[in-house]
Each structure stands twice: as C-alpha cells, then as structure tokens.
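Novice: work37.txt is reproduced in full below (compact mmCIF, C-alpha atoms).
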```txt
# COMPACT_ATOMS: atom_id res chain seq x y z
CA MET A 6 -16.15 5.32 -24.04
CA SER A 7 -13.26 7.05 -25.69
CA PRO A 8 -9.94 5.63 -24.50
CA GLY A 9 -8.62 9.19 -24.14
CA SER A 10 -5.05 10.15 -24.79
CA LEU A 11 -2.51 7.50 -23.91
CA LEU A 12 0.13 8.76 -21.48
CA LEU A 13 2.02 5.61 -20.56
CA LYS A 14 1.85 1.88 -21.26
CA MET A 15 3.70 -0.85 -19.37
CA GLU A 16 4.00 -4.55 -20.11
CA LEU A 17 4.87 -6.11 -16.76
CA ARG A 18 5.56 -9.52 -15.33
CA SER A 19 3.90 -10.60 -12.09
CA ASN A 20 7.09 -10.16 -10.08
CA PRO A 21 6.80 -8.28 -6.75
CA GLU A 22 10.34 -6.95 -7.28
CA MET A 23 8.94 -4.74 -10.05
CA LEU A 24 6.40 -3.01 -7.80
CA CYS A 25 8.87 -0.35 -6.67
CA VAL A 26 9.68 0.46 -10.30
CA VAL A 27 5.98 0.94 -11.09
CA ARG A 28 5.45 3.06 -7.96
CA ASN A 29 8.28 5.39 -8.98
CA ALA A 30 6.92 5.73 -12.53
CA VAL A 31 3.35 6.40 -11.36
CA GLY A 32 4.60 8.90 -8.81
CA GLU A 33 6.45 10.81 -11.52
CA LEU A 34 3.48 10.66 -13.91
CA THR A 35 0.92 11.93 -11.39
CA ALA A 36 3.23 14.76 -10.29
CA LYS A 37 3.76 15.74 -13.93
CA LEU A 38 -0.03 15.82 -14.47
CA GLY A 39 -0.44 18.27 -11.60
CA PHE A 40 -1.99 16.09 -8.89
CA SER A 41 -1.48 17.29 -5.33
CA GLU A 42 1.05 15.37 -3.21
CA PRO A 43 -1.67 13.46 -1.24
CA ASP A 44 -3.42 12.56 -4.52
CA CYS A 45 -0.11 11.41 -6.04
CA ARG A 46 0.39 9.12 -3.03
CA ALA A 47 -3.20 7.90 -3.33
CA VAL A 48 -2.85 6.93 -6.99
CA VAL A 49 0.53 5.25 -6.36
CA ARG A 50 -1.01 3.29 -3.47
CA ALA A 51 -4.05 2.22 -5.50
CA VAL A 52 -1.95 0.97 -8.44
CA ASP A 53 0.48 -0.83 -6.12
CA GLU A 54 -2.33 -2.54 -4.20
CA ALA A 55 -4.12 -3.49 -7.43
CA LEU A 56 -0.94 -5.07 -8.85
CA THR A 57 -0.34 -6.82 -5.54
CA ASN A 58 -3.84 -8.31 -5.73
CA ILE A 59 -3.23 -9.50 -9.30
CA ILE A 60 0.08 -11.13 -8.33
CA ARG A 61 -1.34 -12.79 -5.22
CA HIS A 62 -4.88 -13.69 -6.21
CA ALA A 63 -5.05 -13.82 -10.02
CA TYR A 64 -1.62 -15.38 -10.59
CA LEU A 65 -1.29 -17.09 -7.18
CA GLY A 66 2.27 -15.82 -6.75
CA ASN A 67 3.55 -17.08 -10.11
CA LEU A 68 6.30 -14.63 -11.08
CA GLU A 69 6.32 -14.66 -14.88
CA GLN A 70 2.72 -13.93 -15.87
CA PRO A 71 1.77 -10.88 -17.97
CA ILE A 72 0.14 -7.74 -16.64
CA ASP A 73 -0.67 -4.81 -18.94
CA ALA A 74 -0.96 -1.36 -17.44
CA SER A 75 -2.02 1.71 -19.40
CA PHE A 76 -2.53 5.27 -18.26
CA HIS A 77 -4.78 7.73 -20.10
CA ARG A 78 -5.82 11.33 -19.68
CA ILE A 79 -9.61 11.47 -19.99
CA ASP A 80 -12.51 13.85 -19.51
CA ALA A 81 -14.56 12.86 -16.49
CA PRO A 82 -17.68 14.49 -15.06
CA LYS A 83 -16.95 16.74 -12.09
CA ASP A 84 -19.52 18.99 -10.40
CA GLY A 85 -21.80 18.72 -13.43
CA GLN A 86 -19.00 19.76 -15.77
CA SER A 87 -16.27 17.95 -17.63
CA GLY A 88 -12.83 17.82 -16.01
CA ASP A 89 -9.42 16.22 -16.45
CA ALA A 90 -8.86 12.81 -14.93
CA LEU A 91 -6.34 10.00 -14.99
CA GLU A 92 -7.70 6.62 -16.12
CA ILE A 93 -5.66 3.52 -15.35
CA ILE A 94 -6.41 0.15 -16.93
CA LEU A 95 -4.79 -3.01 -15.50
CA GLU A 96 -5.33 -6.28 -17.37
CA ASP A 97 -4.31 -9.86 -16.57
CA ASN A 98 -5.06 -13.41 -17.71
CA GLY A 99 -5.23 -14.93 -14.24
CA VAL A 100 -7.92 -16.44 -12.05
CA THR A 101 -11.04 -14.28 -12.04
CA ALA A 102 -12.02 -13.04 -8.62
CA ASN A 103 -15.47 -13.89 -7.32
CA PRO A 104 -17.31 -10.53 -7.11
CA GLU A 105 -19.08 -11.69 -3.94
CA LYS A 106 -15.69 -12.13 -2.26
CA MET A 107 -14.39 -8.76 -3.43
CA CYS A 108 -15.98 -6.75 -0.68
CA GLY A 109 -12.90 -6.25 1.48
CA ARG A 110 -13.41 -6.82 5.18
CA ALA A 111 -14.80 -4.99 8.15
CA LEU A 112 -12.02 -2.75 9.45
CA GLU A 113 -13.08 -3.40 13.02
CA ASP A 114 -11.96 -6.98 12.45
CA VAL A 115 -8.30 -6.54 13.40
CA ARG A 116 -6.39 -9.19 11.52
CA PRO A 117 -3.75 -9.36 8.81
CA GLY A 118 -4.93 -9.17 5.20
CA GLY A 119 -7.96 -7.90 3.33
CA LEU A 120 -6.91 -4.25 3.33
CA GLY A 121 -5.79 -3.90 -0.30
CA LEU A 122 -9.22 -3.48 -1.85
CA HIS A 123 -10.23 -1.07 0.89
CA PHE A 124 -7.14 1.06 0.13
CA ILE A 125 -7.93 1.07 -3.62
CA ARG A 126 -11.52 2.18 -3.06
CA GLU A 127 -10.50 4.89 -0.61
CA CYS A 128 -7.84 6.24 -2.94
CA MET A 129 -9.68 6.38 -6.28
CA ASP A 130 -12.88 8.01 -7.57
CA THR A 131 -13.89 5.05 -9.74
CA VAL A 132 -13.04 1.35 -9.33
CA GLU A 133 -14.54 -1.08 -11.86
CA PHE A 134 -13.80 -4.78 -12.38
CA THR A 135 -14.79 -6.50 -15.62
CA HIS A 136 -13.95 -9.81 -17.28
CA SER A 137 -14.11 -10.50 -21.00
CA ASN A 138 -12.40 -12.80 -23.50
CA GLY A 139 -10.50 -14.53 -20.71
CA ARG A 140 -8.97 -11.31 -19.41
CA ASN A 141 -9.60 -9.51 -16.14
CA GLN A 142 -9.71 -5.75 -16.36
CA LEU A 143 -9.55 -3.24 -13.54
CA ARG A 144 -10.37 0.36 -14.39
CA LEU A 145 -9.35 3.07 -11.95
CA VAL A 146 -10.09 6.78 -12.33
CA LYS A 147 -8.74 9.70 -10.31
CA ILE A 148 -10.16 13.15 -11.00
CA LEU A 149 -7.54 15.86 -11.20
CA HIS A 150 -8.09 18.58 -8.61
CA ARG A 151 -5.48 21.11 -9.65
CA GLN A 152 -3.94 23.19 -6.92
CA THR A 153 -5.02 26.79 -7.49
CA SER A 154 -2.35 29.46 -7.66
CA PRO A 155 -2.62 32.47 -5.37
CA LYS A 156 -4.28 35.49 -7.03
CA GLY A 157 -1.90 37.76 -8.85
CA SER A 158 0.82 35.16 -9.24
CA MET B 3 13.98 -2.60 2.60
CA GLN B 4 16.70 -2.93 5.21
CA ILE B 5 16.21 -4.11 8.78
CA ALA B 6 18.86 -3.67 11.44
CA ALA B 7 18.35 -4.97 14.98
CA ARG B 8 19.75 -3.40 18.15
CA HIS B 9 19.36 -4.58 21.71
CA LEU B 10 18.94 -2.41 24.76
CA ASP B 11 18.57 -4.47 27.93
CA LYS B 12 15.51 -6.60 27.21
CA ILE B 13 14.30 -4.46 24.35
CA THR B 14 14.85 -5.18 20.66
CA ILE B 15 14.85 -2.12 18.41
CA PHE B 16 14.45 -2.65 14.68
CA ASP B 17 15.61 0.22 12.47
CA ILE B 18 13.69 -0.21 9.23
CA SER B 19 14.32 1.72 6.05
CA GLY B 20 13.11 1.67 2.45
CA ASP B 21 9.90 0.21 1.07
CA ILE B 22 7.76 -2.39 2.83
CA ASP B 23 5.71 -4.09 0.11
CA LEU B 24 4.76 -7.51 -1.22
CA ALA B 25 8.40 -8.22 -2.07
CA THR B 26 9.84 -7.28 1.32
CA SER B 27 7.11 -7.71 3.95
CA PRO B 28 7.85 -11.47 4.42
CA GLN B 29 11.34 -10.48 5.66
CA LEU B 30 9.81 -8.06 8.18
CA ARG B 31 7.22 -10.60 9.30
CA LYS B 32 9.91 -13.24 9.84
CA ALA B 33 12.10 -10.89 11.87
CA LEU B 34 9.19 -9.78 14.08
CA LEU B 35 7.85 -13.27 14.75
CA ARG B 36 11.32 -14.60 15.58
CA GLU B 37 11.88 -11.89 18.15
CA LEU B 38 8.44 -12.26 19.69
CA ARG B 39 7.55 -15.95 19.42
CA GLU B 40 10.96 -17.61 19.54
CA LEU B 41 13.06 -15.22 21.64
CA LYS B 42 10.07 -13.91 23.62
CA MET B 43 11.57 -10.44 23.95
CA PRO B 44 9.56 -8.42 26.49
CA ARG B 45 9.48 -5.39 24.20
CA VAL B 46 9.96 -5.03 20.46
CA VAL B 47 10.28 -1.50 19.11
CA LEU B 48 10.10 -0.53 15.43
CA ASN B 49 11.79 2.64 14.21
CA LEU B 50 9.81 3.49 11.06
CA GLY B 51 11.36 6.92 10.50
CA ALA B 52 13.19 5.88 7.32
CA VAL B 53 10.35 3.89 5.77
CA ARG B 54 9.55 5.41 2.39
CA TYR B 55 6.47 3.31 1.57
CA ILE B 56 4.31 0.68 3.25
CA ASP B 57 1.52 -1.28 1.57
CA SER B 58 -1.28 -3.46 2.92
CA SER B 59 1.02 -6.50 3.21
CA GLY B 60 3.36 -4.41 5.37
CA VAL B 61 0.46 -3.32 7.56
CA ALA B 62 -0.56 -6.99 7.79
CA SER B 63 2.95 -7.83 9.03
CA LEU B 64 2.65 -5.17 11.72
CA VAL B 65 -0.74 -6.59 12.77
CA GLU B 66 0.81 -10.06 12.96
CA GLY B 67 3.59 -8.66 15.14
CA LEU B 68 1.04 -7.00 17.40
CA LYS B 69 -0.98 -10.19 17.72
CA ALA B 70 2.14 -12.24 18.46
CA SER B 71 3.13 -9.73 21.15
CA ARG B 72 -0.27 -10.07 22.78
CA ASP B 73 0.03 -13.87 22.68
CA VAL B 74 3.35 -13.86 24.53
CA GLY B 75 2.66 -10.86 26.78
CA SER B 76 5.22 -8.54 25.17
CA ARG B 77 4.94 -4.89 24.18
CA PHE B 78 4.99 -4.00 20.49
CA VAL B 79 5.87 -0.35 19.96
CA LEU B 80 6.16 1.87 16.86
CA PHE B 81 7.87 5.24 16.59
CA GLY B 82 9.07 7.76 14.02
CA LEU B 83 6.00 7.46 11.80
CA ASN B 84 6.36 9.79 8.84
CA LYS B 85 3.49 11.18 6.79
CA THR B 86 3.33 8.18 4.46
CA VAL B 87 3.24 5.53 7.18
CA ARG B 88 0.79 7.46 9.35
CA GLU B 89 -1.50 8.01 6.33
CA VAL B 90 -1.64 4.27 5.63
CA LEU B 91 -2.32 3.33 9.25
CA GLN B 92 -5.08 5.97 9.39
CA LEU B 93 -6.54 4.68 6.12
CA SER B 94 -6.63 1.17 7.57
CA LYS B 95 -8.23 2.53 10.80
CA LEU B 96 -5.49 0.68 12.69
CA VAL B 97 -3.62 3.66 14.06
CA LYS B 98 -5.41 3.36 17.41
CA ILE B 99 -4.58 -0.28 18.05
CA PHE B 100 -0.81 0.24 18.03
CA GLU B 101 1.31 1.70 20.82
CA ILE B 102 2.88 4.65 18.98
CA TYR B 103 5.41 7.22 20.22
CA GLU B 104 7.17 10.17 18.65
CA ASN B 105 10.74 9.09 19.38
CA GLU B 106 13.01 6.32 20.63
CA GLU B 107 13.43 7.79 24.09
CA GLN B 108 9.69 7.51 24.74
CA SER B 109 9.53 4.06 23.14
CA VAL B 110 12.15 2.51 25.44
CA ALA B 111 11.10 4.34 28.62
CA PRO B 112 10.17 2.01 31.53
```
Produce structure tokens that represent the structure in this file.
Specialist:
Amino acid sequence: MSPGSLLLKMELRSNPEMLCVVRNAVGELTAKLGFSEPDCRAVVRAVDEALTNIIRHAYLGNLEQPIDASFHRIDAPKDGQSGDALEIILEDNGVTANPEKMCGRALEDVRPGGLGLHFIRECMDTVEFTHSNGRNQLRLVKILHRQTSPKGS
Amino acid sequence: MQIAARHLDKITIFDISGDIDLATSPQLRKALLRELRELKMPRVVLNLGAVRYIDSSGVASLVEGLKASRDVGSRFVLFGLNKTVREVLQLSKLVKIFEIYENEEQSVAP
C-alpha cells in the first residue's frame, strides 16, 4: 500500500507527561484536515488510548522507550469510491501483545480497566496490529467525512 | 489536572479541572480512595465541569471510586459533565451506573 502523503511525524518517549502534547497536536491536525468536531475528538481519543496502551503494556511503564508516530493523508474506499482519510501509524519496540488477549472486555462487566481498546475500535474505521522485525505496529484509519456547506454559500 | 477539596457538612466536594489521563489519574484515584476508604465520608461529589479531557484510566478511577463507595455504604455523585466527559462515559456504557446530576445544588441535596 502506498504510504500516502506524510503530514506529521513524531519521535516520542514513553512518558505519560507527553500525552497532552500529542493530544493537542492531533487535535490541531484533524481540525486542519476538516474533520468534524466529534471526529476530531474521536481521533484524539484513539491516539491517546493507543499510546497509553503502548506505555503500559508494551513498555510496562518504563518512561524512556521510543515510540514513532506518523500521520498520512491517504485514499481510502468509501461507499464504493475513493475518499480522503487520515492514516496513523504507531510503532514501538516493546512487549508484543497476545492477539488472543486483545479483545477488550465485556462492557457489562463493571470494573476498572480494559476500556482502552474498546475506545480505539469505536473511534476509528480501521484498527490493525502487526509485528515484524521486532517492532509492533498499530495502524489506525479515520475516513474524512467533510461537513457540507449550505447551498449557495 | 488540579483537584481541590471542599467540605459541606458530611459531604466532600472535589472540584476537578484539566486533563485526566495516564499521567494524572493516579492522583485522582488516590484522592477518591482516601476520602471513601480511610475517611469514610458519607457522600463524595465530583464537580467535572472544568475537565477538558478524560481517558480510559480516568474512567477506571471513577469506577474504582464508585466501587469503594459501595463497599463502605457511601454515595458517589458526579455533576457538571461537559460534552467530552459525557461522550466518554457513554462510549464506555458506564453512564447509567453513576449517580449524575446537572449541578452542585442537586448533588448535595438531602
């Protein structure tokens, strides 16, 4: 697949203090691309939860490990046609999650924890985990539904 | 995130502002569990009106507070939920398990 046009690249450390910085940057980027306010919040939430999972589960809370985040504009299929979308790639060198354990939890089970993956899946159109050459990769895609202007404006 | 505590009779009111995320949710969790488990306050009320963002770890802290309140027989009340906070609680399907009011007056009413 074509990597599409690169919009933003970040080299992060696995420090929770940086999450607010990333959220602000992603919020600005999605607004600039024309996402609606709810979709901007959805993308920000998905990226934040994905980074939180990397920090907690891949790096076990170690603060100085590398995370690469890149944001691309891509063409994605929408209603049988091609449309604009935002593709986000997050990569880390941490512990690889067991796919069988990455199913989230039943929401009826009221207890702390296990919500992050559910949030990511609810917020994005595509969520794909892969592992190659010792690196974990999470690919997230959000299709851009542009807000239509009123006729005549 | 900032947390400020006020006391009104036997009610503790936490005014919370800023972002509740992986970096800050341990501070919220600690404050809630102290008030509920150690001080056994009959009612703990959270003013979430100035919360700009809450993630799954923040929601988990609220669930822990709720569970602790049930363990000690206290009430755990939320109010002032803005669009962002309400959206996350709805997404987690947890909005119905919390006692939620629009404002402080309702939250501290007998």
Novice: Edge lengths and centre, in Å to one decimal, as JSON: that's what I need for the box along x, y and z that holds all listed atoms of stretch 130-140 of chain A plus 4 Å on each side.
Specialist:
```
{"center_x": -11.9, "center_y": -3.3, "center_z": -15.5, "size_x": 13.8, "size_y": 30.5, "size_z": 23.9}
```
Novice: Quick one: pull the distance between atom CA of B:Ile13 and atom CA of B:Gly75, Å, one decimal.
Specialist: 13.5 Å
Novice: Could you give me, as a list in words, the residues within 6 Å of stretch 25-28 of chain B, counting only C-alpha atoms and dropping anything in the same chain fewer than 5 positions from it?
Specialist: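 Non-adjacent residues within range: Pro21 and Glu22 of chain A; Gly60 of chain B.
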Novice: Please save C-alpha atoms of the selected residues as a PDB file, in the frame of the given file.
Specialist:
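The resulting file, again.pdb, is shown below:
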```pdb
ATOM      1  CA  PRO A  21       6.800  -8.280  -6.750  1.00  0.00           C
ATOM      2  CA  GLU A  22      10.340  -6.950  -7.280  1.00  0.00           C
TER       3      GLU A  22
ATOM      4  CA  GLY B  60       3.360  -4.410   5.370  1.00  0.00           C
TER       5      GLY B  60
END
```
Novice: Tell me, in Å to one decimal, how far atom CA of A:Ser19 is from atom CA of A:Leu145.
Specialist: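 Computed distance, atom CA of A:Ser19 to atom CA of A:Leu145, equals 19.0 Å.
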Novice: Give me the residues of chain B that have any atom at most 12 Å from an atom of chain A; for each, the nearest atom pair and the distance in Å, rounded to one decimal. Use all atoms listed in the file, sort by chain and number, and format it as a tab-separated table.
Specialist:
```
residue	atom	partner	partner_atom	distance
B:Met3	CA	A:Cys25	CA	10.8
B:Gly20	CA	A:Cys25	CA	10.3
B:Asp21	CA	A:Cys25	CA	7.8
B:Ile22	CA	A:Cys25	CA	9.8
B:Asp23	CA	A:Leu24	CA	8.0
B:Leu24	CA	A:Pro21	CA	5.9
B:Ala25	CA	A:Pro21	CA	4.9
B:Thr26	CA	A:Glu22	CA	8.6
B:Ser27	CA	A:Pro21	CA	10.7
B:Pro28	CA	A:Pro21	CA	11.7
B:Arg31	CA	A:Pro117	CA	11.1
B:Arg54	CA	A:Cys25	CA	10.8
B:Tyr55	CA	A:Arg50	CA	9.0
B:Ile56	CA	A:Arg50	CA	9.0
B:Asp57	CA	A:Glu54	CA	7.1
B:Ser58	CA	A:Gly121	CA	5.6
B:Ser59	CA	A:Gly118	CA	6.8
B:Gly60	CA	A:Pro117	CA	9.3
B:Val61	CA	A:Pro117	CA	7.5
B:Ala62	CA	A:Pro117	CA	4.1
B:Ser63	CA	A:Pro117	CA	6.9
B:Leu64	CA	A:Pro117	CA	8.2
B:Val65	CA	A:Pro117	CA	5.7
B:Glu66	CA	A:Pro117	CA	6.2
B:Gly67	CA	A:Pro117	CA	9.7
B:Leu68	CA	A:Arg116	CA	9.7
B:Lys69	CA	A:Arg116	CA	8.3
B:Ala70	CA	A:Arg116	CA	11.4
B:Lys85	CA	A:Pro43	CA	9.8
B:Thr86	CA	A:Arg46	CA	8.1
B:Val87	CA	A:Arg46	CA	11.2
B:Glu89	CA	A:Pro43	CA	9.3
B:Val90	CA	A:Phe124	CA	8.4
B:Leu91	CA	A:Phe124	CA	10.6
B:Gln92	CA	A:Phe124	CA	10.7
B:Leu93	CA	A:Phe124	CA	7.0
B:Ser94	CA	A:Leu120	CA	6.9
B:Lys95	CA	A:Leu112	CA	6.6
B:Leu96	CA	A:Val115	CA	7.8
B:Val97	CA	A:Val115	CA	11.2
B:Lys98	CA	A:Val115	CA	11.1
B:Ile99	CA	A:Val115	CA	8.6
B:Phe100	CA	A:Val115	CA	11.1
```
Novice: With 12 Å as the threshold, what does the neighbourhood of (9.3, -14.7, -16.8) contain in terms of residues, counting only C-alpha atoms? Coordinates are those of the file; answer as a VMD selection string.
Specialist: chain A and resid 16 to 20 67 to 72
Novice: With all atoms listed in the file as the atoms that count, which of A:Val48, A:Arg144, A:Phe134, A:Ser10 lies nearest to A:Ala36?
Specialist: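 Selected residue with least distance to A:Ala36: A:Val48.
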Novice: Which distance in Å separates atom CA of A:Leu143 and atom CA of A:Ala55, to one decimal?
Specialist: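 Separation of atom CA of A:Leu143 and atom CA of A:Ala55: 8.2 Å.
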Novice: So, counting only C-alpha atoms, which residue among B:Asp17, B:Ser71, B:Leu30, B:Val79 is closest to B:Ala111?
Specialist: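 Closest to B:Ala111 of all the choices is B:Val79.
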Novice: Measuring atom to atom with only C-alpha atoms, identify which of B:Gln108, B:Arg88, B:Ile102, B:Ile15 is nearest to B:Asn49.
Specialist: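 Among B:Gln108, B:Arg88, B:Ile102, B:Ile15, it is B:Ile15 that comes nearest to B:Asn49.
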Novice: Name the closest residue to A:Asn141 among the candidates A:Asn103, A:Ser75, A:Ser41, A:Asn98; distances are taken between atoms, counting all atoms listed in the file.
Specialist: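 With all atoms listed in the file as the atom set, the closest residue is A:Asn98.
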